[in-house]
>>> print(open('run_30.txt').read())   # compact mmCIF, C-alpha atoms
# COMPACT_ATOMS: atom_id res chain seq x y z
CA MET U 1 65.38 -66.13 51.78
CA ASN U 2 62.53 -66.52 49.29
CA GLU U 3 62.40 -64.03 46.46
CA ARG U 4 59.12 -62.32 45.74
CA PRO U 5 57.66 -63.22 42.32
CA ALA U 6 58.08 -60.58 39.65
CA GLN U 7 55.04 -58.35 39.31
CA THR U 8 53.25 -58.37 35.99
CA PRO U 9 52.92 -54.75 34.83
CA PRO U 10 49.29 -53.65 34.64
CA PRO U 11 47.77 -53.31 31.17
CA SER U 12 48.38 -49.86 29.75
CA PRO U 13 47.40 -47.85 26.64
CA ALA U 14 51.13 -47.84 25.89
CA ASP U 15 50.71 -51.50 24.89
CA PHE U 16 48.75 -50.36 21.83
CA GLY U 17 50.04 -48.09 19.11
CA PHE U 18 49.65 -46.76 15.58
CA THR U 19 52.17 -45.21 13.24
CA VAL U 20 51.71 -43.66 9.81
CA ASP U 21 54.41 -45.05 7.56
CA HIS U 22 53.45 -43.60 4.16
CA ARG U 23 50.95 -41.08 2.86
CA LEU U 24 48.78 -41.24 -0.24
CA GLU U 25 50.14 -38.43 -2.40
CA THR U 26 47.77 -38.61 -5.39
CA GLY U 27 44.35 -40.09 -6.03
CA GLY U 28 42.89 -39.36 -2.60
CA ALA U 29 41.07 -36.71 -0.61
CA SER U 30 42.75 -33.99 1.41
CA GLY U 31 41.81 -32.57 4.77
CA SER U 32 40.90 -28.96 5.47
CA ASP U 33 44.58 -28.25 6.20
CA GLY U 34 45.64 -29.68 2.83
CA ARG U 35 47.15 -32.89 4.18
CA PRO U 36 46.37 -36.16 2.34
CA LEU U 37 43.90 -38.28 4.28
CA GLY U 38 44.89 -41.69 2.86
CA ARG U 39 47.83 -43.47 4.47
CA ALA U 40 49.60 -46.76 5.08
CA GLY U 41 50.55 -47.56 8.65
CA THR U 42 51.08 -50.12 11.38
CA ILE U 43 48.78 -50.95 14.29
CA SER U 44 50.61 -52.58 17.22
CA THR U 45 48.65 -54.83 19.59
CA PRO U 46 49.64 -57.27 22.36
CA HIS U 47 49.09 -60.11 19.87
CA GLY U 48 50.98 -58.72 16.90
CA GLU U 49 51.00 -56.00 14.27
CA ILE U 50 48.49 -55.15 11.55
CA GLN U 51 49.88 -53.57 8.40
CA THR U 52 47.31 -51.05 7.15
CA PRO U 53 45.25 -50.59 5.08
CA ALA U 54 43.96 -54.05 5.98
CA PHE U 55 40.79 -56.06 5.53
CA ILE U 56 39.79 -57.91 8.70
CA PRO U 57 37.88 -61.18 8.06
CA VAL U 58 34.75 -61.54 10.18
CA GLY U 59 34.40 -64.48 12.54
CA THR U 60 31.01 -63.55 13.94
CA LYS U 61 30.66 -66.42 16.43
CA ALA U 62 34.39 -66.97 17.03
CA THR U 63 34.83 -68.63 13.65
CA VAL U 64 35.22 -67.45 10.08
CA LYS U 65 32.55 -69.71 8.67
CA ALA U 66 33.87 -72.79 6.82
CA LEU U 67 37.54 -71.96 7.53
CA LEU U 68 40.15 -73.14 10.02
CA PRO U 69 41.97 -70.31 11.84
CA ALA U 70 45.21 -71.54 10.25
CA THR U 71 43.58 -71.15 6.83
CA VAL U 72 42.59 -67.55 7.62
CA SER U 73 46.22 -66.85 8.46
CA GLU U 74 47.47 -68.59 5.30
CA LEU U 75 45.21 -66.50 3.07
CA GLY U 76 46.69 -63.34 4.58
CA GLY U 77 44.22 -62.43 7.31
CA GLN U 78 46.11 -60.39 9.90
CA ALA U 79 43.29 -60.25 12.45
CA VAL U 80 39.71 -61.42 12.89
CA LEU U 81 36.61 -59.61 14.14
CA ALA U 82 33.97 -61.34 16.27
CA ASN U 83 30.57 -60.14 17.39
CA ALA U 84 29.89 -59.26 21.01
CA TYR U 85 26.11 -59.57 20.62
CA HIS U 86 26.23 -63.09 19.20
CA LEU U 87 28.90 -64.34 21.60
CA PHE U 88 27.01 -62.87 24.57
CA LEU U 89 23.95 -64.87 23.56
CA GLN U 90 25.92 -68.02 22.70
CA PRO U 91 28.03 -69.45 24.31
CA GLY U 92 28.23 -66.52 26.78
CA SER U 93 31.04 -64.04 27.30
CA ASP U 94 31.75 -65.52 30.74
CA LEU U 95 32.54 -68.87 29.13
CA VAL U 96 34.87 -67.24 26.59
CA ASP U 97 36.58 -65.43 29.47
CA GLU U 98 37.00 -68.69 31.37
CA ALA U 99 38.53 -70.25 28.23
CA GLY U 100 41.22 -67.57 28.21
CA GLY U 101 39.64 -65.04 25.87
CA LEU U 102 38.53 -64.99 22.27
CA GLY U 103 41.88 -65.78 20.66
CA ARG U 104 42.60 -68.78 22.84
CA PHE U 105 39.00 -70.00 22.64
CA MET U 106 39.06 -70.11 18.82
CA ASN U 107 42.78 -71.01 18.54
CA TRP U 108 43.74 -67.76 16.82
CA ASP U 109 47.03 -66.27 18.00
CA GLY U 110 46.86 -62.99 16.08
CA PRO U 111 45.11 -59.70 16.86
CA THR U 112 41.37 -59.75 17.45
CA PHE U 113 38.51 -57.22 17.27
CA THR U 114 35.02 -57.34 18.75
CA ASP U 115 32.27 -54.89 17.87
CA SER U 116 30.05 -53.51 20.61
CA GLY U 117 26.83 -55.26 19.65
CA GLY U 118 25.14 -51.94 18.94
CA PHE U 119 24.51 -52.58 15.25
CA GLN U 120 23.16 -56.08 15.80
CA VAL U 121 20.87 -55.01 18.66
CA MET U 122 19.45 -52.23 16.52
CA SER U 123 19.31 -53.95 13.14
CA LEU U 124 17.92 -57.25 14.38
CA GLY U 125 15.55 -55.42 16.68
CA VAL U 126 14.15 -52.92 14.20
CA GLY U 127 14.63 -54.97 11.06
CA PHE U 128 16.22 -52.39 8.76
CA ARG U 129 19.29 -53.10 6.70
CA LYS U 130 22.38 -50.98 7.18
CA VAL U 131 22.35 -49.03 3.92
CA ILE U 132 18.92 -47.91 2.80
CA SER U 133 17.81 -45.29 0.31
CA MET U 134 16.53 -41.95 1.55
CA ALA U 135 13.75 -42.25 -1.02
CA GLU U 136 12.22 -45.27 0.65
CA ALA U 137 9.11 -44.71 2.75
CA ASP U 138 9.12 -41.00 1.90
CA HIS U 139 11.70 -40.15 4.58
CA ALA U 140 9.38 -41.51 7.28
CA SER U 141 10.73 -42.07 10.75
CA ALA U 142 11.92 -45.56 11.61
CA GLU U 143 9.92 -45.30 14.80
CA VAL U 144 6.66 -44.72 12.89
CA ILE U 145 7.32 -47.58 10.47
CA ALA U 146 8.30 -49.93 13.28
CA GLU U 147 4.93 -49.45 14.99
CA THR U 148 3.51 -51.90 12.47
CA LYS U 149 5.92 -54.68 13.43
CA ASP U 150 6.98 -56.48 16.56
CA ARG U 151 10.19 -54.71 17.46
CA LEU U 152 12.81 -56.72 19.27
CA ALA U 153 14.78 -53.71 20.57
CA HIS U 154 13.85 -50.50 22.39
CA VAL U 155 16.27 -47.61 22.91
CA ASP U 156 16.24 -45.27 25.91
CA GLU U 157 18.78 -42.92 27.44
CA ASP U 158 20.37 -45.61 29.54
CA GLY U 159 20.70 -48.32 26.88
CA VAL U 160 18.77 -50.87 24.83
CA THR U 161 16.37 -53.59 25.90
CA PHE U 162 16.09 -56.37 23.35
CA LYS U 163 14.83 -59.87 22.80
CA SER U 164 17.17 -62.67 21.80
CA PHE U 165 16.68 -63.74 18.19
CA ILE U 166 17.55 -67.27 19.38
CA ASN U 167 14.88 -67.90 22.01
CA GLY U 168 13.07 -64.62 22.69
CA ASP U 169 14.63 -64.03 26.12
CA THR U 170 14.83 -60.36 27.14
CA HIS U 171 18.28 -58.79 27.67
CA ARG U 172 19.61 -55.35 28.43
CA PHE U 173 22.67 -53.71 26.84
CA THR U 174 24.06 -50.50 28.30
CA PRO U 175 27.47 -48.94 27.65
CA GLU U 176 28.72 -50.55 30.86
CA VAL U 177 27.33 -53.98 29.94
CA SER U 178 28.88 -53.82 26.46
CA MET U 179 32.27 -52.92 27.96
CA ARG U 180 32.10 -55.75 30.49
CA ILE U 181 31.14 -58.26 27.80
CA GLN U 182 33.94 -57.13 25.49
CA HIS U 183 36.48 -57.24 28.30
CA GLN U 184 35.40 -60.79 29.02
CA LEU U 185 35.79 -61.65 25.34
CA GLY U 186 39.29 -60.21 25.55
CA ALA U 187 39.82 -58.82 22.04
CA ASP U 188 42.75 -56.50 21.36
CA ILE U 189 40.46 -53.85 19.84
CA ILE U 190 36.95 -53.22 21.12
CA PHE U 191 34.31 -50.63 20.24
CA ALA U 192 32.23 -48.23 22.31
CA PHE U 193 28.51 -48.94 22.50
CA ASP U 194 26.67 -46.68 20.05
CA GLU U 195 23.22 -46.24 18.58
CA CYS U 196 23.20 -47.24 14.93
CA THR U 197 20.42 -45.33 13.19
CA THR U 198 19.02 -45.77 9.67
CA LEU U 199 18.45 -43.24 6.91
CA LEU U 200 14.76 -43.48 7.70
CA ASN U 201 15.30 -41.70 11.00
CA THR U 202 14.43 -38.01 10.88
CA ARG U 203 17.03 -35.24 11.17
CA PRO U 204 15.90 -34.39 14.75
CA TYR U 205 16.26 -38.04 15.74
CA GLN U 206 19.75 -38.20 14.19
CA GLU U 207 20.73 -35.13 16.22
CA ASP U 208 19.46 -36.70 19.44
CA SER U 209 21.16 -39.99 18.58
CA VAL U 210 24.58 -38.39 17.97
CA ALA U 211 24.33 -36.63 21.33
CA ARG U 212 23.22 -39.83 23.05
CA THR U 213 26.06 -41.83 21.47
CA GLU U 214 28.54 -39.26 22.80
CA ARG U 215 27.07 -39.54 26.30
CA TRP U 216 27.31 -43.32 26.01
CA ALA U 217 30.91 -42.91 24.85
CA VAL U 218 31.83 -41.16 28.11
CA ARG U 219 30.31 -44.04 30.06
CA CYS U 220 32.22 -46.53 27.90
CA LEU U 221 35.50 -44.74 28.62
CA ASP U 222 34.84 -44.82 32.36
CA GLU U 223 33.82 -48.49 32.41
CA HIS U 224 36.75 -49.39 30.16
CA ALA U 225 39.11 -47.75 32.67
CA ARG U 226 37.52 -49.67 35.54
CA GLN U 227 37.70 -52.99 33.70
CA THR U 228 41.32 -52.37 32.68
CA ALA U 229 42.29 -51.62 36.28
CA ASP U 230 40.45 -54.69 37.62
CA ARG U 231 41.57 -57.20 34.99
CA THR U 232 45.34 -56.96 35.26
CA HIS U 233 45.69 -60.63 34.23
CA ARG U 234 44.72 -59.71 30.65
CA PRO U 235 46.61 -57.62 28.06
CA TYR U 236 45.47 -54.08 27.33
CA GLN U 237 42.42 -53.75 25.10
CA ALA U 238 42.25 -50.69 22.85
CA LEU U 239 38.89 -48.91 22.86
CA PHE U 240 37.59 -47.27 19.68
CA GLY U 241 34.83 -44.65 19.70
CA VAL U 242 32.21 -44.93 16.94
CA VAL U 243 31.28 -41.97 14.74
CA GLN U 244 27.64 -41.71 13.70
CA GLY U 245 25.66 -38.90 12.03
CA ALA U 246 24.18 -40.54 8.91
CA GLN U 247 24.73 -38.39 5.78
CA TYR U 248 24.78 -34.97 7.41
CA GLU U 249 28.16 -33.27 7.18
CA ASP U 250 27.65 -31.13 10.26
CA LEU U 251 26.57 -34.12 12.37
CA ARG U 252 29.42 -36.32 11.15
CA ARG U 253 31.97 -33.62 11.86
CA GLN U 254 30.36 -32.85 15.22
CA ALA U 255 30.38 -36.53 16.18
CA ALA U 256 33.99 -37.09 15.08
CA GLY U 257 35.34 -33.92 16.65
CA GLY U 258 33.44 -34.57 19.86
CA LEU U 259 34.82 -38.09 20.21
CA ALA U 260 38.34 -36.90 19.36
CA ARG U 261 38.26 -34.41 22.24
CA LEU U 262 36.41 -36.66 24.67
CA THR U 263 37.77 -37.94 27.95
CA GLY U 264 36.03 -40.02 30.57
CA ALA U 265 33.95 -38.23 33.19
CA GLU U 266 36.03 -39.79 35.97
CA ALA U 267 39.54 -38.66 36.82
CA THR U 268 41.35 -41.20 34.64
CA GLY U 269 42.19 -39.04 31.63
CA GLN U 270 41.05 -41.97 29.47
CA ARG U 271 40.76 -41.22 25.74
CA PHE U 272 39.89 -43.37 22.77
CA ASP U 273 42.70 -45.38 21.21
CA GLY U 274 41.13 -45.25 17.75
CA TYR U 275 37.83 -44.69 16.00
CA GLY U 276 35.20 -46.63 14.11
CA ILE U 277 33.14 -45.09 11.32
CA GLY U 278 29.68 -46.60 11.19
CA GLY U 279 26.04 -45.83 10.70
CA ALA U 280 23.67 -45.40 7.81
CA LEU U 281 24.93 -44.05 4.51
CA GLU U 282 24.27 -44.38 0.80
CA LYS U 283 26.99 -46.07 -1.20
CA SER U 284 27.55 -43.08 -3.46
CA GLN U 285 28.35 -40.93 -0.41
CA LEU U 286 30.76 -43.30 1.32
CA GLY U 287 34.03 -41.64 0.31
CA THR U 288 32.74 -38.15 1.02
CA ILE U 289 31.43 -39.09 4.47
CA VAL U 290 34.64 -40.89 5.44
CA SER U 291 36.66 -37.85 4.36
CA TRP U 292 34.57 -35.55 6.61
CA VAL U 293 35.18 -37.86 9.55
CA SER U 294 38.88 -38.40 8.85
CA ASP U 295 39.39 -34.65 8.62
CA GLU U 296 38.18 -34.27 12.21
CA LEU U 297 39.98 -37.24 13.76
CA PRO U 298 43.55 -37.26 15.10
CA GLU U 299 46.30 -38.31 12.74
CA ASP U 300 47.94 -40.61 15.26
CA LYS U 301 44.90 -42.85 15.83
CA PRO U 302 43.66 -45.64 13.51
CA ARG U 303 40.27 -45.44 11.78
CA HIS U 304 38.15 -48.54 11.18
CA LEU U 305 35.37 -48.47 8.58
CA LEU U 306 32.68 -50.87 9.77
CA GLY U 307 30.94 -53.30 7.43
CA ILE U 308 32.67 -52.51 4.11
CA SER U 309 34.22 -54.92 1.57
CA GLU U 310 33.12 -54.06 -1.99
CA PRO U 311 36.18 -53.26 -4.13
CA ASP U 312 35.04 -49.75 -5.11
CA ASP U 313 34.16 -48.98 -1.48
CA LEU U 314 37.59 -50.16 -0.32
CA PHE U 315 39.36 -47.82 -2.73
CA ALA U 316 37.03 -44.97 -1.72
CA GLY U 317 37.54 -45.65 1.99
CA VAL U 318 41.33 -45.78 1.74
CA ALA U 319 41.43 -42.62 -0.39
CA ALA U 320 39.38 -40.88 2.31
CA GLY U 321 41.55 -41.99 5.23
CA ALA U 322 40.21 -45.32 6.52
CA ASP U 323 42.82 -47.80 7.76
CA THR U 324 40.98 -51.07 8.40
CA PHE U 325 37.74 -52.64 7.20
CA ASP U 326 35.52 -55.60 8.05
CA CYS U 327 32.51 -57.22 6.43
CA VAL U 328 30.73 -60.58 6.34
CA ALA U 329 30.02 -60.26 2.60
CA PRO U 330 33.04 -62.18 1.21
CA SER U 331 32.25 -65.33 3.21
CA ARG U 332 28.47 -64.98 3.04
CA GLN U 333 28.46 -64.56 -0.73
CA ALA U 334 30.95 -67.41 -1.13
CA ARG U 335 28.63 -69.83 0.65
CA GLY U 336 25.93 -68.92 -1.85
CA GLY U 337 28.23 -69.45 -4.84
CA THR U 338 28.88 -65.79 -5.70
CA MET U 339 32.57 -65.48 -6.39
CA TYR U 340 34.83 -62.47 -6.86
CA SER U 341 37.27 -62.42 -9.75
CA SER U 342 39.63 -60.01 -11.47
CA SER U 343 37.10 -59.58 -14.30
CA GLY U 344 33.92 -59.33 -12.21
CA ARG U 345 31.60 -61.58 -10.26
CA ILE U 346 31.14 -65.23 -11.21
CA ASN U 347 28.25 -67.49 -10.27
CA ALA U 348 29.95 -70.78 -9.43
CA LYS U 349 26.62 -72.59 -9.83
CA ALA U 350 25.99 -71.33 -13.37
CA ALA U 351 25.96 -73.77 -16.26
CA ALA U 352 28.85 -71.90 -17.88
CA GLN U 353 31.16 -73.23 -15.13
CA ARG U 354 30.21 -76.91 -15.53
CA ARG U 355 32.92 -77.77 -18.04
CA ARG U 356 35.35 -74.98 -17.30
CA PHE U 357 38.52 -76.91 -16.52
CA GLU U 358 40.63 -73.98 -15.38
CA PRO U 359 40.88 -71.96 -12.15
CA LEU U 360 37.88 -69.87 -11.23
CA ASP U 361 40.15 -66.80 -11.52
CA PRO U 362 43.42 -67.55 -13.34
CA GLU U 363 44.97 -64.41 -11.79
CA CYS U 364 44.25 -65.47 -8.21
CA ASP U 365 46.93 -66.98 -6.00
CA CYS U 366 44.61 -68.59 -3.44
CA TYR U 367 44.70 -72.28 -2.52
CA THR U 368 41.41 -72.90 -4.32
CA CYS U 369 42.50 -71.40 -7.63
CA GLU U 370 45.91 -73.04 -7.47
CA ASN U 371 44.49 -76.54 -6.88
CA TYR U 372 40.95 -76.79 -8.27
CA THR U 373 39.00 -75.95 -11.39
CA ALA U 374 35.82 -73.94 -11.76
CA ALA U 375 34.17 -77.15 -12.94
CA TYR U 376 35.02 -78.92 -9.69
CA LEU U 377 33.70 -76.03 -7.60
CA HIS U 378 30.51 -76.04 -9.69
CA HIS U 379 30.15 -79.77 -9.01
CA LEU U 380 30.57 -79.30 -5.25
CA PHE U 381 27.86 -76.65 -5.13
CA LYS U 382 25.46 -78.69 -7.24
CA ALA U 383 26.12 -81.76 -5.11
CA LYS U 384 25.66 -79.67 -1.94
CA GLU U 385 29.01 -80.80 -0.60
CA MET U 386 30.39 -78.96 2.46
CA LEU U 387 33.75 -78.52 0.73
CA ALA U 388 32.09 -76.03 -1.64
CA SER U 389 31.74 -73.49 1.16
CA THR U 390 35.33 -73.98 2.30
CA LEU U 391 36.95 -73.61 -1.14
CA ALA U 392 34.68 -70.71 -2.11
CA THR U 393 35.31 -68.85 1.13
CA ILE U 394 39.07 -69.29 0.83
CA HIS U 395 38.89 -67.68 -2.59
CA ASN U 396 36.63 -64.75 -1.70
CA GLU U 397 38.46 -63.88 1.51
CA ARG U 398 41.83 -64.10 -0.21
CA TYR U 399 40.58 -61.96 -3.08
CA ILE U 400 39.57 -59.09 -0.77
CA VAL U 401 42.55 -59.45 1.58
CA ARG U 402 44.92 -59.46 -1.40
CA MET U 403 43.21 -56.43 -2.95
CA VAL U 404 43.77 -54.39 0.20
CA GLU U 405 47.36 -55.67 0.40
CA ARG U 406 47.87 -54.35 -3.13
CA ILE U 407 46.26 -51.05 -2.18
CA ARG U 408 48.71 -50.72 0.70
CA GLN U 409 51.66 -51.46 -1.57
CA SER U 410 50.41 -48.95 -4.12
CA ILE U 411 50.46 -46.22 -1.46
CA ILE U 412 54.06 -47.14 -0.66
CA ASP U 413 55.04 -47.28 -4.34
CA GLY U 414 53.12 -44.15 -5.32
CA ASP U 415 50.82 -45.76 -7.91
CA PHE U 416 47.50 -45.90 -6.04
CA ALA U 417 45.57 -44.06 -8.76
CA GLU U 418 46.85 -46.41 -11.45
CA LEU U 419 45.89 -49.51 -9.44
CA ARG U 420 42.46 -48.05 -8.67
CA ASP U 421 41.71 -47.17 -12.29
CA GLU U 422 42.92 -50.52 -13.62
CA THR U 423 41.09 -52.59 -10.99
CA LEU U 424 37.78 -50.75 -11.12
CA GLY U 425 37.92 -50.49 -14.89
CA ARG U 426 38.15 -54.25 -15.18
CA LEU U 427 35.46 -54.88 -12.57
CA TYR U 428 32.93 -52.21 -13.44
CA GLY U 429 34.00 -50.69 -16.76
CA PRO U 430 36.25 -47.75 -17.70
CA GLU U 431 33.48 -45.15 -17.40
CA PHE U 432 32.82 -46.18 -13.80
CA ALA U 433 36.54 -45.95 -13.02
CA ARG U 434 36.76 -42.44 -14.52
CA THR U 435 33.71 -41.26 -12.59
CA ALA U 436 34.99 -42.75 -9.36
CA ALA U 437 38.43 -41.19 -9.79
CA ALA U 438 36.90 -37.76 -10.32
CA ALA U 439 34.66 -38.13 -7.27
CA TRP U 440 37.39 -39.25 -4.87
CA SER U 441 40.24 -36.94 -5.89
>>> encode(input="run_30.txt", output="structure tokens")
Amino acid sequence: MNERPAQTPPPSPADFGFTVDHRLETGGASGSDGRPLGRAGTISTPHGEIQTPAFIPVGTKATVKALLPATVSELGGQAVLANAYHLFLQPGSDLVDEAGGLGRFMNWDGPTFTDSGGFQVMSLGVGFRKVISMAEADHASAEVIAETKDRLAHVDEDGVTFKSFINGDTHRFTPEVSMRIQHQLGADIIFAFDECTTLLNTRPYQEDSVARTERWAVRCLDEHARQTADRTHRPYQALFGVVQGAQYEDLRRQAAGGLARLTGAEATGQRFDGYGIGGALEKSQLGTIVSWVSDELPEDKPRHLLGISEPDDLFAGVAAGADTFDCVAPSRQARGGTMYSSSGRINAKAAAQRRRFEPLDPECDCYTCENYTAAYLHHLFKAKEMLASTLATIHNERYIVRMVERIRQSIIDGDFAELRDETLGRLYGPEFARTAAAAWS
């Protein structure tokens, strides 16, 4: 008698988890109930754990530029984040699906993230950068300003119509389309489709956008449930809602609280597995805004701060309750020769590095600093050798990854404030460190 093959259990939210292991006792913000917002924890995914706080290197097009996946792992990267918008356009999410999903396609066996494509559709379509001063354009509406340029994206209640930046073809993203694309890409953590506004949008527009993003979030939850039920051959993918609201406390709290209470419209009981914090904000307000959001979100769900990697912002984000971070800046700046160091930024192309026969940062433990001199890196950049980008990116990514590793350990050891003051004092000066400490505590 033939035995029936064992049934593979369907993917389930139980396959994803988050635990808080330690709390930040001093040097951070507190919630309205007095609890510390900063914490160290563990995110569990079908492809491994992420010890938080953690910086997630960005592999926009299924590659961290200039690095092998094995190198990303060696420098301490616990996960990578790819971009749904870019991979949809090239090579196509269907191809990635056919290849076995993002991790298998790029030969990365650890956890993976994909963003929803919302920021790229909006930013590339409208042409505004993510962080922009309220003073610019006299608070004018982005819609009014954009009338003078050829916009590549148009938002309506159902979704966004946009033109490809590659060839001008017209495409349509809706919450359902974004979910289907991200399920095809197969990342462990995916994000709900949201509208990313700028600080040039008016208050009434921000209000409408927050409400629209919440309506889109319901649709994302429903489509996510359908895709999960249909795609039982793939591991469970955790869905994060995205909190918008610009710099308005009431809108940020409304958005965060609304997403925290939200369930899908269909009878699935689906809720978000975690939350992203995105949208337009001024750098000086980052810690405050993250603390508003963290105060409204559940304690047992991870919080991802989108697009952040500057050292002072990382300390501010952790102090305010963020668990993971991503940003293209470390690799992008490295390819241009701008290098991080324990004493501040270094221009690897500057004449001062030409005969500097010592590591770029003597305190760094990366492969580049352990094996090459600043003079050699300077030579590679001047000679326009490809190796320059590889060695520089190894250093910058390791610098940020290691900094967040040290932040995590400082939470466990109880010396977060001391690490923050020492690090920021060396990078930006003691007065900056004192001001920052007062603002975040």
>>> residues_around(input="run_30.txt", residues="Leu286 of chain U", least_positions_apart="4", cutoff="8 Å", atoms="only C-alpha atoms", output="PyMOL selection string")
chain U and resi 281-282+290+313+316-317
>>> atom_distance(input="run_30.txt", atom1="atom CA of Phe272 of chain U", atom2="atom CA of Val64 of chain U")
27.6 Å
>>> atom_distance(input="run_30.txt", atom1="atom CA of Arg434 of chain U", atom2="atom CA of Leu306 of chain U")
26.0 Å
>>> closest_residue(input="run_30.txt", among="U:Glu370, U:Asp188, U:Asp222, U:Glu385", to="Thr263 of chain U", atoms="all atoms listed in the file")
U:Asp222
>>> closest_residue(input="run_30.txt", among="U:Ala229, U:Ala29, U:Val96, U:Leu37", to="Lys61 of chain U", atoms="only C-alpha atoms")
U:Val96
>>> closest_residue(input="run_30.txt", among="U:Ala280, U:Ile308, U:Ala256, U:Ala238", to="Ser12 of chain U", atoms="only C-alpha atoms")
U:Ala238
>>> closest_residue(input="run_30.txt", among="U:Asp326, U:Asp230, U:Glu358, U:Glu363", to="Ser309 of chain U", atoms="all atoms listed in the file")
U:Asp326
